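To be precise, the following lines are model.json, and they hold JSON, C-alpha atoms.
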```
[["chain", "number", "residue", "atom", "x", "y", "z"],
["A", 214, "MET", "CA", -26.60, -3.61, -12.00],
["A", 215, "LEU", "CA", -23.52, -1.81, -10.69],
["A", 216, "LYS", "CA", -20.38, -2.54, -12.66],
["A", 217, "PHE", "CA", -16.90, -1.61, -11.46],
["A", 218, "GLU", "CA", -14.60, -0.35, -14.18],
["A", 219, "PRO", "CA", -11.10, 0.82, -13.30],
["A", 220, "GLN", "CA", -10.52, 4.47, -14.15],
["A", 221, "HIS", "CA", -6.72, 4.29, -14.12],
["A", 222, "THR", "CA", -5.93, 1.08, -15.97],
["A", 223, "ASP", "CA", -2.21, 1.86, -16.20],
["A", 224, "ALA", "CA", -1.84, 1.88, -12.39],
["A", 225, "LEU", "CA", -0.55, -1.08, -10.40],
["A", 226, "LEU", "CA", -3.34, -2.65, -8.39],
["A", 227, "VAL", "CA", -3.50, -5.48, -5.90],
["A", 228, "GLU", "CA", -4.92, -8.23, -8.09],
["A", 229, "GLY", "CA", -5.48, -10.79, -5.36],
["A", 230, "TYR", "CA", -4.05, -12.90, -2.60],
["A", 231, "ALA", "CA", -1.65, -15.83, -2.98],
["A", 232, "GLY", "CA", -1.10, -17.88, 0.14],
["A", 233, "ARG", "CA", -0.08, -15.33, 2.75],
["A", 234, "GLY", "CA", 1.04, -12.71, 0.22],
["A", 235, "PHE", "CA", -0.36, -10.49, -2.52],
["A", 236, "VAL", "CA", -0.41, -10.50, -6.31],
["A", 237, "VAL", "CA", 0.64, -7.18, -7.84],
["A", 238, "GLY", "CA", 1.46, -6.72, -11.52],
["A", 239, "GLY", "CA", 1.24, -10.48, -12.05],
["A", 240, "THR", "CA", 3.96, -11.09, -9.44],
["A", 241, "VAL", "CA", 3.40, -12.84, -6.12],
["A", 242, "TRP", "CA", 4.89, -10.91, -3.18],
["A", 243, "PRO", "CA", 4.96, -13.60, -0.46],
["A", 244, "ASP", "CA", 6.42, -11.55, 2.42],
["A", 245, "GLY", "CA", 4.76, -8.23, 1.74],
["A", 246, "VAL", "CA", 4.76, -5.40, -0.75],
["A", 247, "LEU", "CA", 5.12, -1.64, -0.82],
["A", 248, "ILE", "CA", 3.07, -0.41, -3.74],
["A", 249, "SER", "CA", 2.32, 2.88, -5.46],
["A", 250, "ALA", "CA", 0.47, 3.39, -8.72],
["A", 251, "HIS", "CA", 3.65, 2.95, -10.78],
["A", 252, "ALA", "CA", 6.05, 0.75, -8.77],
["A", 253, "ALA", "CA", 6.25, -2.04, -6.22],
["A", 254, "TRP", "CA", 9.00, -3.07, -3.82],
["A", 255, "VAL", "CA", 9.57, -5.96, -1.40],
["A", 256, "LEU", "CA", 8.37, -5.19, 2.11],
["A", 257, "THR", "CA", 9.50, -7.43, 4.96],
["A", 258, "ALA", "CA", 9.04, -5.11, 7.94],
["A", 259, "LEU", "CA", 7.17, -1.97, 8.84],
["A", 260, "ASP", "CA", 10.02, 0.38, 9.60],
["A", 261, "LEU", "CA", 10.83, 3.87, 8.37],
["A", 262, "ALA", "CA", 13.52, 2.67, 5.95],
["A", 263, "ALA", "CA", 10.99, 0.48, 4.12],
["A", 264, "PHE", "CA", 9.10, 3.58, 2.95],
["A", 265, "THR", "CA", 12.17, 5.37, 1.52],
["A", 266, "PRO", "CA", 11.25, 4.58, -2.13],
["A", 267, "LEU", "CA", 8.10, 6.68, -1.77],
["A", 268, "GLN", "CA", 10.08, 9.87, -1.22],
["A", 269, "THR", "CA", 10.83, 10.21, -4.94],
["A", 270, "ALA", "CA", 7.45, 9.02, -6.25],
["A", 271, "GLU", "CA", 5.91, 11.16, -8.97],
["A", 272, "PRO", "CA", 3.31, 12.40, -8.49],
["A", 273, "ALA", "CA", 4.02, 12.90, -4.82],
["A", 274, "ILE", "CA", 2.32, 10.50, -2.42],
["A", 275, "GLU", "CA", -0.39, 12.07, -0.25],
["A", 276, "LEU", "CA", -1.57, 9.06, 1.75],
["A", 277, "VAL", "CA", 0.19, 5.91, 2.97],
["A", 278, "LEU", "CA", -1.96, 2.95, 3.96],
["A", 279, "ILE", "CA", -0.23, 0.58, 6.36],
["A", 280, "GLY", "CA", -1.40, -3.03, 6.34],
["A", 281, "THR", "CA", -0.18, -4.68, 9.53],
["A", 282, "GLY", "CA", -0.81, -8.31, 8.57],
["A", 283, "SER", "CA", -3.80, -10.51, 9.35],
["A", 284, "THR", "CA", -5.03, -8.22, 12.13],
["A", 285, "MET", "CA", -4.85, -4.52, 12.69],
["A", 286, "GLN", "CA", -2.03, -3.60, 15.02],
["A", 287, "ARG", "CA", -0.93, -0.16, 16.03],
["A", 288, "PRO", "CA", 2.45, 0.61, 14.44],
["A", 289, "ASP", "CA", 5.21, 2.31, 16.36],
["A", 290, "MET", "CA", 4.21, 5.95, 17.05],
["A", 291, "ALA", "CA", 7.70, 7.25, 16.27],
["A", 292, "MET", "CA", 7.48, 5.69, 12.81],
["A", 293, "LEU", "CA", 4.02, 7.14, 12.20],
["A", 294, "LYS", "CA", 5.19, 10.60, 13.22],
["A", 295, "ALA", "CA", 8.23, 10.28, 10.93],
["A", 296, "LEU", "CA", 6.00, 9.29, 7.99],
["A", 297, "GLN", "CA", 3.68, 12.20, 8.70],
["A", 298, "ALA", "CA", 6.68, 14.56, 8.90],
["A", 299, "LYS", "CA", 7.34, 13.66, 5.25],
["A", 300, "GLY", "CA", 3.94, 15.14, 4.43],
["A", 301, "TRP", "CA", 2.06, 11.85, 4.15],
["A", 302, "ALA", "CA", -1.24, 11.19, 5.85],
["A", 303, "THR", "CA", -1.19, 7.68, 7.30],
["A", 304, "GLU", "CA", -3.86, 5.10, 8.03],
["A", 305, "PHE", "CA", -3.34, 1.63, 9.40],
["A", 306, "MET", "CA", -5.55, -1.45, 9.16],
["A", 307, "ASP", "CA", -5.23, -5.17, 8.48],
["A", 308, "SER", "CA", -3.42, -5.86, 5.19],
["A", 309, "ARG", "CA", -6.42, -7.16, 3.24],
["A", 310, "ALA", "CA", -8.47, -4.08, 4.11],
["A", 311, "ALA", "CA", -5.51, -1.87, 3.19],
["A", 312, "ALA", "CA", -5.20, -3.64, -0.19],
["A", 313, "ARG", "CA", -8.88, -3.11, -0.98],
["A", 314, "THR", "CA", -8.75, 0.53, 0.13],
["A", 315, "TYR", "CA", -5.61, 1.13, -1.93],
["A", 316, "ASN", "CA", -7.33, -0.20, -5.08],
["A", 317, "VAL", "CA", -10.37, 2.02, -4.56],
["A", 318, "LEU", "CA", -8.29, 5.15, -3.94],
["A", 319, "VAL", "CA", -5.98, 4.53, -6.92],
["A", 320, "ASN", "CA", -9.05, 4.14, -9.13],
["A", 321, "GLU", "CA", -10.28, 7.49, -7.83],
["A", 322, "GLY", "CA", -7.02, 9.04, -9.02],
["A", 323, "ARG", "CA", -5.61, 9.60, -5.52],
["A", 324, "HIS", "CA", -1.85, 9.66, -4.95],
["A", 325, "VAL", "CA", -1.68, 6.79, -2.51],
["A", 326, "ALA", "CA", 0.76, 4.05, -1.53],
["A", 327, "ALA", "CA", 0.32, 0.97, 0.62],
["A", 328, "GLY", "CA", 2.73, -1.05, 2.71],
["A", 329, "LEU", "CA", 1.17, -4.51, 3.03],
["A", 330, "LEU", "CA", 2.68, -7.13, 5.30],
["A", 331, "ALA", "CA", 1.81, -10.72, 4.41],
["A", 332, "VAL", "CA", -1.20, -12.18, 6.14]]
```
Would you mind writing the file out in structure tokens?
Amino acid sequence: MLKFEPQHTDALLVEGYAGRGFVVGGTVWPDGVLISAHAAWVLTALDLAAFTPLQTAEPAIELVLIGTGSTMQRPDMAMLKALQAKGWATEFMDSRAAARTYNVLVNEGRHVAAGLLAV
């Protein structure tokens, strides 16, 4: 039997869904959440300013997952290019897939963040 055991238990993980939003650190984020292993912020829109808190994250973020809501939608190319110019690889998908992927990568010890719009 395969058993999943978190490797980085001190990291913030997406614990579940609540209505349209996400549960992170025991808090419900109904509109959306920007999350890294050690902090979470309110996210109400996918714009460049929303990702500003990640610029000072330690350790430095390598990958930003972008959850675009209940379905995958292509974000604005100018925003993606601006995020990549900060040195972050970017991937976009629906928010639930992004939340699951974020949890897996954090447990692998990767320096990842996720911007998850409510579904």
To box region 253-269 of chain A, take all atoms listed in the file, fit an axis-aligned box, add 3 Å on each side, and give centre and edge lengths in Å to one decimal, as lines of an AutoDock Vina configuration file.
```
center_x = 9.9
center_y = 1.4
center_z = 1.7
size_x = 13.3
size_y = 23.6
size_z = 21.8
```
Please identify all polymer residues within 10 Å of Ala231 (chain A), counting only C-alpha atoms, omitting same-chain residues fewer than 2 positions from it, and present them as number ranges by chain.
A: 228-229, 233-236, 240-243, 331-332
Counting all atoms listed in the file, figure out which residue out of A:Asp244, A:Ala291, A:Leu276, A:Trp301 gets nearest to Asp260 (chain A).
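Closest residue, counting all atoms listed in the file: A:Ala291.
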Identify, on the basis of all atoms listed in the file, every residue whose closest approach to Ala327 (chain A) does not exceed 12 Å; exclude the query and any residue fewer than 3 positions from it along the same chain; express the result as a ChimeraX atom specification.
/A:225-227,235,237,245-250,252-256,259,263-264,266-267,274-281,301-319,324,330
Go through A:Ala298, A:Met292, A:Asp223, A:Gly232 one by one, measure the shortest atom-to-atom distance of each to Ala262 (chain A) using only C-alpha atoms, and give the residue with the smallest value.
A:Met292
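For the atom pair formed by CA of Ala224 (chain A) and CA of His251 (chain A), the distance is 5.8 Å, given to one decimal.
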